[in-house]
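Participant: Submitted below is the structure of interest, expressed as structure tokens.
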Amino acid sequence: MTSLDELLSIARDAAEIGARMMTSEAPGTVSAKGDRDYVTELDVRIQRAIQDYLHHAAPGIDFLGEEDGGGTLDDTTDYVWVLDPIDGTSNFAHGIPLCATSLALVHRGQPLIGVITAPFLDLRYHVVHGGGAYCNDKPIQCSSTTDLRRAIVSIGDYATGEGAAEKNERRFAVTRALAENVERVRMFGAASLDLAWVAEGRTDACVILSNKPWDMAAGVVTALEAGALLVDLNGSHYDLRSVETIAVAKHLGSLPLPGVTRQGD
């Protein structure tokens with residue numbers, strides 16, 4: 001088995017394939033995957049290019065990509081690459097620079113390596129489990145904010161598709177609770193950046209009421225390595241089987257979310 005350091009180097013090179021393609025190629029045809037859920041031709045091309053590179057650079061490791069039609073992450077699998085070729089596709093298709101290639105190496109449900117490359121922002125995050133988190137090769141850590149009213153909190157996208165109205169009632173309740181208690185609420189439209197920016201201390205927490213592995217795996221290990229607390233919305237310990245994804249700067253400790261009385265341990 002190739003060492004984690006070598007696999008990190010491979011992952012960083014793979015993410016740069018996405019960065020180069022995002023900044024040099026047009027989105028191409030935009031197709032609907034569902035209600036207000038879209039994929040561009042470039043999403044698919046990037047995924048194929050990265051998958052091909054990984055297959056040759058690190059043979060024998062499984063692969064799960066968003067543009068394969070989704071899928072589940074089997075936490076009994078020894079090693080699997082998990083990729084979102086363009087996290088924030090709607091942003092990208094509209095010329096909004098909040099988008100990134102997000103790639104993780106997951107071992108039996110535990111992210112070991114995370115790489116998030118946001119080329120239009122010139123931000124490149126990388127992490128190896130147990131080795132700290134980095135942005136543009138400099139160490140990062142979550143914020144030291146302790147006052148909820150000084151906290152910037154980002155939230156994930158509102159739901160679309162089947163059951164969206166019911167799902168969004170919960171999202172509206174969370175948004176209202178945050179809006180009444182924190183300094184500002186933000187919606188960036190790219191889960192990997194939500195988590196990376198908690199890790200970097202740009203924001204103090206993020207609340208994402210979903211948990212798809214290609215959206216979360218790289219960002220979760222980045223936030224954890226930077227000292228953030230990760231929980232499900234009910235306050236239980238987070239893992240890739242959780243229903244929701246909440247990252248909070250460790251000094252802040254808790255958020256006023258409906259149904260949550262304590263976060264942390």
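Chain labels follow the order of the structure tokens: the first chain is A, the next B, and so on; residue numbering restarts at 1 in every chain, and ligands are counted from 1 in their shown order.
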Can you pull out the residues contacting Glu244 of chain A? Cut-off 12 Å, using only C-alpha atoms, and skip same-chain residues under 4 positions away; I want them as a PyMOL selection string.
Facilitator: chain A and resi 155-156+170-171+191+206-213+215-216+220+230-240
Participant: Take the residues just selected and output them with N, CA, C and O atoms as a short mmCIF file (atom, residue, chain, number, x, y, z; two decimals), in the first residue's frame.
Facilitator:
```cif
data_model
loop_
_atom_site.label_atom_id
_atom_site.label_comp_id
_atom_site.auth_asym_id
_atom_site.auth_seq_id
_atom_site.Cartn_x
_atom_site.Cartn_y
_atom_site.Cartn_z
N ILE A 155 -24.88 28.28 6.21
CA ILE A 155 -25.87 27.20 6.14
C ILE A 155 -25.83 26.59 4.74
O ILE A 155 -25.45 27.24 3.77
N GLY A 156 -26.20 25.33 4.66
CA GLY A 156 -26.24 24.65 3.38
C GLY A 156 -27.43 25.09 2.55
O GLY A 156 -28.34 25.79 3.04
N ARG A 170 -37.80 22.62 8.13
CA ARG A 170 -36.73 22.45 9.12
C ARG A 170 -35.60 23.44 8.87
O ARG A 170 -35.04 24.03 9.79
N ARG A 171 -35.26 23.63 7.60
CA ARG A 171 -34.19 24.58 7.26
C ARG A 171 -34.58 26.00 7.63
O ARG A 171 -33.76 26.78 8.12
N ALA A 191 -20.57 22.95 -0.12
CA ALA A 191 -20.38 22.38 1.22
C ALA A 191 -18.91 22.25 1.58
O ALA A 191 -18.53 22.42 2.75
N CYS A 206 -20.79 25.92 10.58
CA CYS A 206 -21.67 25.71 9.43
C CYS A 206 -22.69 24.65 9.78
O CYS A 206 -22.42 23.74 10.57
N VAL A 207 -23.87 24.80 9.20
CA VAL A 207 -24.98 23.88 9.43
C VAL A 207 -25.46 23.41 8.06
O VAL A 207 -26.02 24.19 7.29
N ILE A 208 -25.24 22.14 7.78
CA ILE A 208 -25.62 21.57 6.48
C ILE A 208 -26.58 20.41 6.75
O ILE A 208 -26.17 19.40 7.34
N LEU A 209 -27.83 20.56 6.36
CA LEU A 209 -28.83 19.56 6.69
C LEU A 209 -28.88 18.45 5.64
O LEU A 209 -29.94 18.10 5.12
N SER A 210 -27.72 17.92 5.34
CA SER A 210 -27.59 16.76 4.47
C SER A 210 -26.21 16.16 4.74
O SER A 210 -25.42 16.74 5.49
N ASN A 211 -25.93 15.03 4.13
CA ASN A 211 -24.64 14.38 4.40
C ASN A 211 -24.31 13.40 3.28
O ASN A 211 -24.28 12.20 3.48
N LYS A 212 -24.05 13.94 2.09
CA LYS A 212 -23.63 13.10 0.98
C LYS A 212 -22.11 13.03 0.98
O LYS A 212 -21.44 14.05 1.11
N PRO A 213 -21.54 11.83 0.82
CA PRO A 213 -20.10 11.68 1.05
C PRO A 213 -19.23 12.54 0.15
O PRO A 213 -18.20 13.06 0.60
N ASP A 215 -19.88 15.44 -0.99
CA ASP A 215 -19.94 16.82 -0.52
C ASP A 215 -19.12 17.04 0.75
O ASP A 215 -18.58 18.12 0.97
N MET A 216 -19.08 16.03 1.62
CA MET A 216 -18.61 16.23 2.98
C MET A 216 -17.24 15.66 3.30
O MET A 216 -16.53 16.21 4.15
N VAL A 220 -14.96 17.53 5.98
CA VAL A 220 -15.08 17.04 7.36
C VAL A 220 -13.71 16.78 7.97
O VAL A 220 -13.41 17.22 9.08
N LEU A 230 -17.54 18.29 15.32
CA LEU A 230 -18.44 17.80 14.28
C LEU A 230 -19.54 16.95 14.93
O LEU A 230 -19.23 16.00 15.66
N VAL A 231 -20.79 17.32 14.66
CA VAL A 231 -21.92 16.60 15.23
C VAL A 231 -23.04 16.50 14.21
O VAL A 231 -23.06 17.20 13.20
N ASP A 232 -23.98 15.61 14.48
CA ASP A 232 -25.23 15.55 13.76
C ASP A 232 -26.16 16.61 14.37
O ASP A 232 -25.86 17.17 15.43
N LEU A 233 -27.28 16.90 13.72
CA LEU A 233 -28.16 17.95 14.21
C LEU A 233 -28.73 17.63 15.60
O LEU A 233 -29.03 18.53 16.38
N ASN A 234 -28.86 16.34 15.92
CA ASN A 234 -29.38 15.97 17.24
C ASN A 234 -28.31 16.02 18.34
O ASN A 234 -28.57 15.66 19.49
N GLY A 235 -27.11 16.44 17.96
CA GLY A 235 -26.04 16.57 18.94
C GLY A 235 -25.17 15.35 19.08
O GLY A 235 -24.19 15.39 19.83
N SER A 236 -25.49 14.27 18.38
CA SER A 236 -24.70 13.04 18.49
C SER A 236 -23.42 13.16 17.69
O SER A 236 -23.27 14.04 16.83
N HIS A 237 -22.49 12.26 17.95
CA HIS A 237 -21.20 12.24 17.26
C HIS A 237 -21.42 12.10 15.76
O HIS A 237 -22.22 11.29 15.30
N TYR A 238 -20.68 12.86 14.97
CA TYR A 238 -20.82 12.83 13.51
C TYR A 238 -19.99 11.70 12.91
O TYR A 238 -18.86 11.43 13.33
N ASP A 239 -20.56 11.03 11.90
CA ASP A 239 -19.78 10.20 10.99
C ASP A 239 -20.45 10.28 9.62
O ASP A 239 -21.46 10.97 9.45
N LEU A 240 -19.88 9.61 8.64
CA LEU A 240 -20.39 9.74 7.28
C LEU A 240 -21.75 9.08 7.08
O LEU A 240 -22.34 9.18 6.01
#
```
Participant: Please provide as a ChimeraX atom specification all residues within 12 Å of Arg20 of chain A, with the sequence filter that same-chain residues fewer than 6 positions apart are discarded (counting only C-alpha atoms).
Facilitator: /A:13-14,26,42,46,49-50,85-86,100-101,117-120,122
Participant: From the DSSP assignment of the backbone, select every residue of segment 149-223 of chain A that is helix (DSSP H, G or I), and format the answer as a ChimeraX atom specification.
Facilitator: /A:149-150,164-179,191-200,213-223
Participant: Closest to Gly130 of chain A among A:Ser192, A:Thr222, A:Ser9, A:Thr89, using only C-alpha atoms?
Facilitator: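 Checking each of A:Ser192, A:Thr222, A:Ser9, A:Thr89 against Gly130 of chain A, counting only C-alpha atoms, the winner is A:Thr222.
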Participant: Have a look at A:Pro256, A:Gly18, A:Gly109, A:Gly114 and name the one nearest to Val153 of chain A; count only C-alpha atoms.
Facilitator: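 Residue with the minimum atom-to-atom distance to Val153 of chain A: A:Pro256.
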Participant: Pick out each residue of segment 9-162 of chain A that DSSP on the backbone tags as strand (DSSP E); I need them as a ChimeraX atom specification.
Facilitator: /A:30-34,37-40,62-65,80-87,100-107,110-118,123-128,133-135,138-140,152-155
Participant: Could you tell me how far atom CA of Arg45 of chain A lies from atom CA of Ile17 of chain A, in Å and to one decimal?
Facilitator: 10.5 Å
Participant: Choose the residue, out of A:Leu83, A:Ala165, A:Leu7, A:Met22, that has the smallest atom-to-atom separation from Trp214 of chain A; count only C-alpha atoms.
Facilitator: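 When distances to Trp214 of chain A are compared using only C-alpha atoms, the smallest one comes from A:Leu83.
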Participant: Would you list the contacts of Asp204 of chain A as a PyMOL selection string, taking every protein, DNA or RNA residue within 12 Å and counting only C-alpha atoms, but skipping same-chain residues closer than 3 positions in sequence?
Facilitator: chain A and resi 141-155+182-186+194-201+207+223+226-229+246-255
Participant: Applying 9 Å and only C-alpha atoms, which residues near Leu54 of chain A remain after dropping the ones on its own chain fewer than 3 positions away? List them as a list of chain:residue names.
Facilitator: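 Contacts, in chain order: A:Ile10, A:Ala11, A:Ala14, A:Ala49, A:Ile50, A:Gln51, A:Ala57, A:Ala58, A:Pro59, A:Ile61, A:Phe63, A:Trp81.
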Participant: Export C-alpha atoms of the chosen residues as an mmCIF file, in the first residue's frame?
Facilitator:
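Writing done, so here's result-v4.cif:
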```
data_model
loop_
_atom_site.group_PDB
_atom_site.id
_atom_site.type_symbol
_atom_site.label_atom_id
_atom_site.label_comp_id
_atom_site.auth_asym_id
_atom_site.auth_seq_id
_atom_site.Cartn_x
_atom_site.Cartn_y
_atom_site.Cartn_z
ATOM 1 C CA ILE A 10 -1.516 12.049 -5.731
ATOM 2 C CA ALA A 11 -4.737 13.579 -4.398
ATOM 3 C CA ALA A 14 -5.709 15.003 -9.040
ATOM 4 C CA ALA A 49 -10.212 12.785 -16.021
ATOM 5 C CA ILE A 50 -9.576 12.551 -12.270
ATOM 6 C CA GLN A 51 -10.842 8.987 -12.044
ATOM 7 C CA ALA A 57 -1.470 6.702 -10.084
ATOM 8 C CA ALA A 58 -2.929 4.585 -7.260
ATOM 9 C CA PRO A 59 -4.236 1.331 -8.737
ATOM 10 C CA ILE A 61 -8.291 1.862 -4.739
ATOM 11 C CA PHE A 63 -13.752 5.191 -6.534
ATOM 12 C CA TRP A 81 -11.543 7.844 -3.352
#
```
Participant: Measuring atom to atom with only C-alpha atoms, identify which of A:Asp68, A:Glu169, A:Glu162, A:Asp137 is nearest to Val82 of chain A.
Facilitator: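 Using only C-alpha atoms, Val82 of chain A sits closest to A:Asp68.
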Participant: Could you please determine the separation between atom CA of His94 of chain A and atom CA of Ala19 of chain A in Å, to one decimal place?
Facilitator: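 Distance between the two atoms: 16.9 Å.
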